[in-house]
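A.B. asks: The structure that follows is given in the form of structure tokens.
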Amino acid sequence: MVTEQDVQHIAELADVGIGKEELEDFTHQFNAILEYFDILDRVEGQGAAARDLYNVLREDEVEPSLPQEEVLRNAPAQEDGFIKAPRVM
Amino acid sequence: MPAQTIIFEPDDKYNAFLKVCNKPSHTNGKLAGITVAVKDNISTSGIETTCASKILKGYVPPYDAHVVGLVKQAGAAIAGKTNMDEFGMGTTTENSAFGPTLNPRDTGRVPGGSSGGSAAAVAAGMVRMALGTDTGGSIRCPAAFCGIVGLKPTYGRVSRYGLIAYANSLEQIGPMGKTVSDVSTLMGVIAGYDRHDSTSQNKPYDHIPRADIKGLKIGIPAEYFGKGVDPQVAAVVKKAIGRLEELGASTVPCSIPSMEYALAAYYVTCTCEASSNLARFDGVRYGPAADTKKSWHDAYQEVRSAAFGTEVRRRIMLGTFALSSGYYGKYYSKAQVARENVRKDFQRIFQEVDVIAGPTMPTIAFRLKEKSDPLSMYLADILTVPANLAGIPAISVPCGKSEGMPVGLQIMGRHFEDERVVDVAYAYEQAVN
Amino acid sequence: MAEEETQVIVGLEVHCQLDTKSKLFCGCSTDYRSDGPNTHVCPICLGLPGAMPALNKRAIEYAMKVAKALNCEIVNESEFSRKNYFYPDLDKAYQITQYDKPLAEGGYLEIESDAGGEKKIRLTRIHVEEDPGRLVHMGNVERGKYSLVDYNRAGVPLIEIVSEPDMRSPKEARKFLNKLRATLEYLSVFDSEKEGSLRVDANISIKGHERVEVKNITSYKGVEKALTFEVTRQKNLIRRGQRIERETRHFLEGRGVTQSARSKEQEHDYRYFPEPDLRPLRVKSWVDGIVLPELPDARRERFMAQYGCSLNHARTLTGDLKLANFFEKVVSSDPKGLSPLASTWIADTLIGELNYRDMGLDPVDPESIAALVRLLKAGTITDKSGVEVLRVMLDQRLKKEKTETPDAIVTRLGLTKTTGDTGAIAAAIEEAINDNPKALEDYRNGEGKAINFLVGQVMKKTRGKADPAELNRMLNEALKKRGA
């Protein structure tokens, strides 16, 4: 069982935010889905997924970068060629 | 080759398109002048690409997805970007931030999803072909619901470069069309190796469909006709398989025991990958602006809670939870073991049969707003996710009607035997038309 | 406190940029330092939706070269994982790194221990990962703070070398780092002179107490400084009977102190899982094909054997690739003849003078130093004059003035040793004795040290040009004459 506090914590970890009004519904649905996932407890066998490809590598060759204006075109805020972002300090 | 333009002004009654290109240019080639619609999670240089999400509103990619480049090179005209469930998360196209797409066969019903816009555009005759993407059935489900053909290629056969990832280890871009021939033609254009996609393999598709299936062995898994599958749908599909037998194929009953937990394995895997893939949408490099005066977590939460839809946030949170400290072993690891078991089940069956057949979807298209509970919606994917978990090719071809709505016959094949599933679908299509 | 109760335990996590031409997962150039922000980015390293990583082979080869040189074992199968966290410099909101399947495990690096002699520092692992972008902090409290991001650095290949907690002092940590840097440079996979090419996180504890992680140390000197600060801080807490918190601290380079990271920053849950867009590596067999160059330890032994360097000189000279190459160029014309003088003049004098000027080796050409050493060897100038010539040479280069050869400087300043010019020395001796009757008195009273004072005075008067041996002989004679 996950609680509303758990769901709140996960919402914070995922930076998706959650409103008080949504919390009950989300928690309820979460529990129903997680209960369904419990069927995985019955799975037996070895984990290592078989891969058909290994060592997929490219040569160390320089290719053109995007022009700076292309890089900045989709950015909502910019300053002197930098992309503007929220504060971290 | 000099570029030519065509006029494309469809009457989009079904909200199939998010963006229409009215005067697309094209060159000569295999697809010269053919209109191809592109699902809106496939990057198109200079054309807004939103994944039907408010978080990508206004985002114009500076590059083409590998497949888009190939389609253009083949001479096709890119007709526009089609509606979908936001980021591919849904089975109805109702989860679009820009309104649902309606099913052209019955506008009171959903077209299926998540490539519902591509399916509706083809079914309504607005375009000849479309590109869809299939993570857990997102090409095959709308193909079945709208009565068209859709192929999910073998994992690695078509480059994913430029496909805005929802669940990288499961999804493939694939062709959709009214006929098997069209689907096969488009597949021939998009398949092949791409150095930008490290999971892509050098297996080009150069094939003209052949209707001869004499001696073909078809596996019929009990799970595809069991609990949860609408008996009328099952009956239509059984009849279609009977038709294949008349054409010289034989059927072999089989069982996929791992189907018991395949859907759970699928949802754990795709939500885990999605929680990571969708973390980059933070309003800094593209999308609606994050408030730069706020601290970063606060600013991100504000943007992401406002611009992601409910289902997207639910899946991000489910994946975040499943990967979080203390739960990885219970969910992600177990899901990978389950997945390996699904793969082994198919491997075992394919030692005895050439293809596996069953319904694409357990029911016909739902009515709009019919499915409101997330878990019951997830359960609708039960017949399509095994092919994604195993990475094998699977096609849906129309095989009759139930309650006046189209039913899809699903053919699954061995890894890199996309040609064979196309041939079986072609044989059926030629026999009934 | 007894010594064993204050045993310092240090382990390091060292991040080094690999000197590849292109980034780890895309073709953007890594040579971004002189260009404007966001000019070396593409859909891949900008984290644009739909872009996928493609792994740079050379980065893996470089990492394996390091692994082999550090005696690590390449694992049979390694894999990349995603480390998920939000930060504006992280374009995809996850870092592609290696988690439970790193490229290499085990290994060791030998350093000179504090007690003298060699000491093995064991390594835990080496893995490959991508560098994030760079953040600039802007604004102020009144007008609002914000960040500016430059993604040019995003995607540059890094190796992270994790040591076991085998170091016992901040000084050993510095030695480990210096030795590691030298080794990476010998392998030609790393350029220590590029700004920000090395970053260190250090784990430090006092035996029996909680461990503290100091993050964000960006210079070689910073590591010793940060750790010395922590040792003092932690010992003081213990002395006062307080508990040491298990925590993450940041090193503030400018102030030379560490500061506790806010508690929210410490709550990390990185949700690692395998990167689905890359395939695993099975490269163990490549290791046999890797030919290692001569490494610092081997070169040190060779310098001692071939050039007769002392252990200390050999250690200093080979502890830096450029310096070792420089030395060999200086002595190349006459290895036997020049080595004895060149090793001390380079390892001691030149390094001292360069450090004093905060100057690098680059502007100094080996030929000039060879010329200086030849002047010294021929006895044309005294050691004292040699230092003067060297200082002039370095100052000219530092100030970017026109440079002169050592011979020209000697001529211009008239520094030729006054061997044979006994008149000038004799006169200087007479003057020195006359000016300092006290010294003469002391010497007569048996205070031998007084002669050193007089030698100094004579040297001063002859501006260092007097041949020390000749001066000594003549001074003794002069003192004898005065009945001493």
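Chain labels run A, B, ... following the order of the structure tokens; each chain numbers its residues from 1, and ligands are numbered from 1 in the order shown.
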For chain C, work out the contacting residues on chain B at 7 Å, counting only C-alpha atoms, and write them as a tab-separated table (two decimals) with N, CA and C atoms, in the first residue's frame.
C.D. replies:
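Okay, this is what ended up in part-v4.tsv:
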```
chain	number	residue	atom	x	y	z
B	43	SER	N	10.23	13.60	-35.17
B	43	SER	CA	10.76	14.95	-35.40
B	43	SER	C	10.78	15.30	-36.88
B	161	TYR	N	15.98	7.13	-34.50
B	161	TYR	CA	16.59	8.45	-34.33
B	161	TYR	C	15.59	9.54	-34.73
B	162	GLY	N	15.28	10.42	-33.79
B	162	GLY	CA	14.31	11.48	-34.05
B	162	GLY	C	12.91	11.16	-33.56
B	163	LEU	N	12.69	9.91	-33.16
B	163	LEU	CA	11.42	9.56	-32.51
B	163	LEU	C	11.52	9.99	-31.04
B	164	ILE	N	10.62	10.83	-30.62
B	164	ILE	CA	10.66	11.33	-29.25
B	164	ILE	C	10.29	10.18	-28.32
B	165	ALA	N	11.29	9.74	-27.57
B	165	ALA	CA	11.19	8.47	-26.88
B	165	ALA	C	10.14	8.47	-25.78
B	168	ASN	N	12.07	3.43	-24.97
B	168	ASN	CA	13.08	3.12	-25.98
B	168	ASN	C	13.24	1.64	-26.30
B	169	SER	N	13.15	0.79	-25.28
B	169	SER	CA	13.48	-0.62	-25.50
B	169	SER	C	12.31	-1.37	-26.14
B	196	HIS	N	23.06	6.54	-36.36
B	196	HIS	CA	22.66	7.37	-35.23
B	196	HIS	C	21.83	6.61	-34.20
B	197	ASP	N	21.38	5.42	-34.56
B	197	ASP	CA	20.60	4.60	-33.63
B	197	ASP	C	21.40	3.33	-33.35
B	198	SER	N	21.98	3.27	-32.15
B	198	SER	CA	22.88	2.15	-31.82
B	198	SER	C	22.14	0.83	-31.69
B	199	THR	N	20.80	0.86	-31.69
B	199	THR	CA	20.06	-0.40	-31.61
B	199	THR	C	19.57	-0.82	-32.99
B	276	SER	N	12.20	8.57	-17.05
B	276	SER	CA	13.52	9.13	-17.34
B	276	SER	C	13.48	9.95	-18.64
B	279	ALA	N	11.91	13.39	-18.31
B	279	ALA	CA	12.44	14.31	-17.29
B	279	ALA	C	13.04	15.57	-17.94
B	280	ARG	N	13.46	15.46	-19.20
B	280	ARG	CA	14.14	16.58	-19.84
B	280	ARG	C	13.19	17.74	-20.16
B	292	THR	N	12.46	31.58	-14.27
B	292	THR	CA	13.88	31.56	-13.92
B	292	THR	C	14.16	32.26	-12.59
B	293	LYS	N	13.16	32.93	-12.06
B	293	LYS	CA	13.40	33.58	-10.75
B	293	LYS	C	13.23	32.59	-9.60
B	323	LEU	N	11.43	2.67	-10.03
B	323	LEU	CA	12.90	2.72	-10.07
B	323	LEU	C	13.50	3.20	-8.75
B	324	SER	N	12.65	3.67	-7.84
B	324	SER	CA	13.20	4.33	-6.66
B	324	SER	C	13.83	3.33	-5.72
B	325	SER	N	14.66	3.88	-4.87
B	325	SER	CA	15.47	3.09	-3.95
B	325	SER	C	14.61	2.07	-3.20
```
A.B. asks: Just need the residues of chain A within 10 Å of chain C, counting only C-alpha atoms, so spit them out as a count of residues only.
C.D. replies: 39
A.B. asks: Residues within 8 Å of Val71 of chain B, please, as a ChimeraX atom specification. Count only C-alpha atoms; anything in the same chain fewer than 4 positions from it doesn't count.
C.D. replies: /B:31,67,75-76,189-190
A.B. asks: Could you give me, as a ChimeraX atom specification, the residues within 10 Å of Phe26 of chain A, counting only C-alpha atoms and dropping anything in the same chain fewer than 2 positions from it?
C.D. replies: /A:4,7-8,18,21-24,28-32 /B:310,313-314,317
A.B. asks: Contacts between chain A and chain B, please, where a residue of chain B counts if it comes within 7 Å (with only C-alpha atoms); show its shortest atom pair and distance in Å to one decimal, rows by chain and ascending number, as CSV.
C.D. replies:
```
residue,atom,partner,partner_atom,distance
B:Tyr59,CA,A:Asn74,CA,6.1
B:Val60,CA,A:Asn74,CA,6.9
B:Pro62,CA,A:Glu70,CA,6.7
B:Ser198,CA,A:Val56,CA,6.1
B:Tyr261,CA,A:Ile39,CA,6.2
B:Ala264,CA,A:Phe37,CA,5.2
B:Val284,CA,A:Ala85,CA,5.7
B:Arg285,CA,A:Ala75,CA,4.4
B:Tyr286,CA,A:Ala75,CA,4.7
B:Gly287,CA,A:Pro76,CA,6.9
B:Pro288,CA,A:Pro76,CA,6.7
B:Ala289,CA,A:Pro76,CA,5.1
B:Asp291,CA,A:Pro86,CA,6.4
B:Thr292,CA,A:Pro86,CA,3.7
B:Lys293,CA,A:Pro86,CA,5.8
B:Lys294,CA,A:Pro86,CA,5.7
B:Ser295,CA,A:Arg87,CA,5.0
B:Trp296,CA,A:Pro86,CA,4.9
B:His297,CA,A:Asp15,CA,6.5
B:Ala299,CA,A:Pro86,CA,6.7
B:Tyr300,CA,A:Asp15,CA,6.2
B:Gln301,CA,A:Asp15,CA,4.7
B:Glu302,CA,A:Gly17,CA,6.8
B:Arg304,CA,A:Val16,CA,5.2
B:Ser305,CA,A:Val16,CA,5.0
B:Arg313,CA,A:Val16,CA,6.5
B:Met317,CA,A:Ile10,CA,6.2
B:Thr320,CA,A:Ala14,CA,6.3
B:Phe321,CA,A:Ile10,CA,6.2
B:Ser333,CA,A:Gly47,CA,6.8
B:Lys334,CA,A:Leu40,CA,6.2
B:Ala335,CA,A:Leu40,CA,6.8
B:Gln336,CA,A:Gly47,CA,6.0
B:Val337,CA,A:Gly47,CA,4.3
B:Ala338,CA,A:Val43,CA,6.1
B:Glu340,CA,A:Ala49,CA,5.8
B:Leu375,CA,A:Ile33,CA,6.2
```
A.B. asks: As number ranges by chain, please: all residues of chain A that backbone DSSP puts in strand (DSSP E or B).
C.D. replies: A: 58, 78-79, 82-85, 87
A.B. asks: Give me a file of those residues, with C-alpha atoms, as an mmCIF file, in the first residue's frame.
C.D. replies:
```cif
data_model
loop_
_atom_site.group_PDB
_atom_site.id
_atom_site.type_symbol
_atom_site.label_atom_id
_atom_site.label_comp_id
_atom_site.auth_asym_id
_atom_site.auth_seq_id
_atom_site.Cartn_x
_atom_site.Cartn_y
_atom_site.Cartn_z
ATOM 1 C CA ARG A 58 31.503 5.146 -33.714
ATOM 2 C CA GLN A 78 18.270 33.452 -23.276
ATOM 3 C CA GLU A 79 20.991 35.987 -22.565
ATOM 4 C CA PHE A 82 23.477 31.431 -22.869
ATOM 5 C CA ILE A 83 20.196 29.689 -22.106
ATOM 6 C CA LYS A 84 18.466 31.186 -19.109
ATOM 7 C CA ALA A 85 17.488 28.740 -16.367
ATOM 8 C CA ARG A 87 18.449 29.630 -9.971
#
```
A.B. asks: Find the residues near segment 427-444 of chain C: any atom within 12 Å, counting only C-alpha atoms, skip ones fewer than 2 places away on the same chain, and give them as a count of residues only.
C.D. replies: 42
A.B. asks: Find the distance between atom CA of Arg299 of chain C and atom CA of Ile346 of chain C and write it in Å to one decimal.
C.D. replies: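 Computing the Euclidean distance for atom CA of Arg299 of chain C and atom CA of Ile346 of chain C yields 16.4 Å.
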A.B. asks: Just want the 10 Å neighbourhood of Asn103 of chain B, counted on only C-alpha atoms, with same-chain residues fewer than 4 positions away dropped. Output as a list in words.
C.D. replies: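 These residues fall inside the cut-off: Lys13, Tyr14, Asn15, Ala16, Thr92, Thr93, Thr107, Gly108, Arg109, Val110, Pro111, Gly112, Gly116, Gly117, Ala119, Ala120, Ala121, Ala123, Ala124, Pro142, Phe145, Cys146, Gly147, Ala365, Phe366, Arg367 and Leu368 of chain B.
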A.B. asks: Could you list, as a short mmCIF file (atom, residue, chain, number, x, y, z; two decimals) with C-alpha atoms, in the first residue's frame, every residue within 9 Å of Lys120 of chain C, counting only C-alpha atoms and ignoring same-chain residues fewer than 3 positions away?
C.D. replies:
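So around_17.cif came out as:
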```
data_model
loop_
_atom_site.label_atom_id
_atom_site.label_comp_id
_atom_site.auth_asym_id
_atom_site.auth_seq_id
_atom_site.Cartn_x
_atom_site.Cartn_y
_atom_site.Cartn_z
CA TYR C 108 46.38 0.35 -7.85
CA LEU C 109 48.67 3.35 -8.13
CA GLU C 110 52.00 3.62 -6.28
CA ILE C 111 52.85 6.85 -4.51
CA GLU C 112 55.64 8.00 -2.20
CA SER C 113 54.20 7.60 1.28
CA ASP C 166 43.98 4.05 1.44
#
```
A.B. asks: Could you jot down the atom CA of Arg174 of chain C to atom CA of Gly11 of chain C separation for me, Å, one decimal place?
C.D. replies: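 Value for the atom CA of Arg174 of chain C-atom CA of Gly11 of chain C distance: 11.5 Å.
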A.B. asks: Record the distance separating atom CA of Ile204 of chain C and atom CA of Leu177 of chain C, expressed in Å with one decimal.
C.D. replies: 15.2 Å
A.B. asks: From a DSSP pass on the backbone, collect the residues of segment 218-365 of chain C flagged as helix (DSSP H, G or I) and hand them back as number ranges by chain.
C.D. replies: C: 220-239, 263-266, 284-289, 296-307, 311-318, 321-331, 335-356
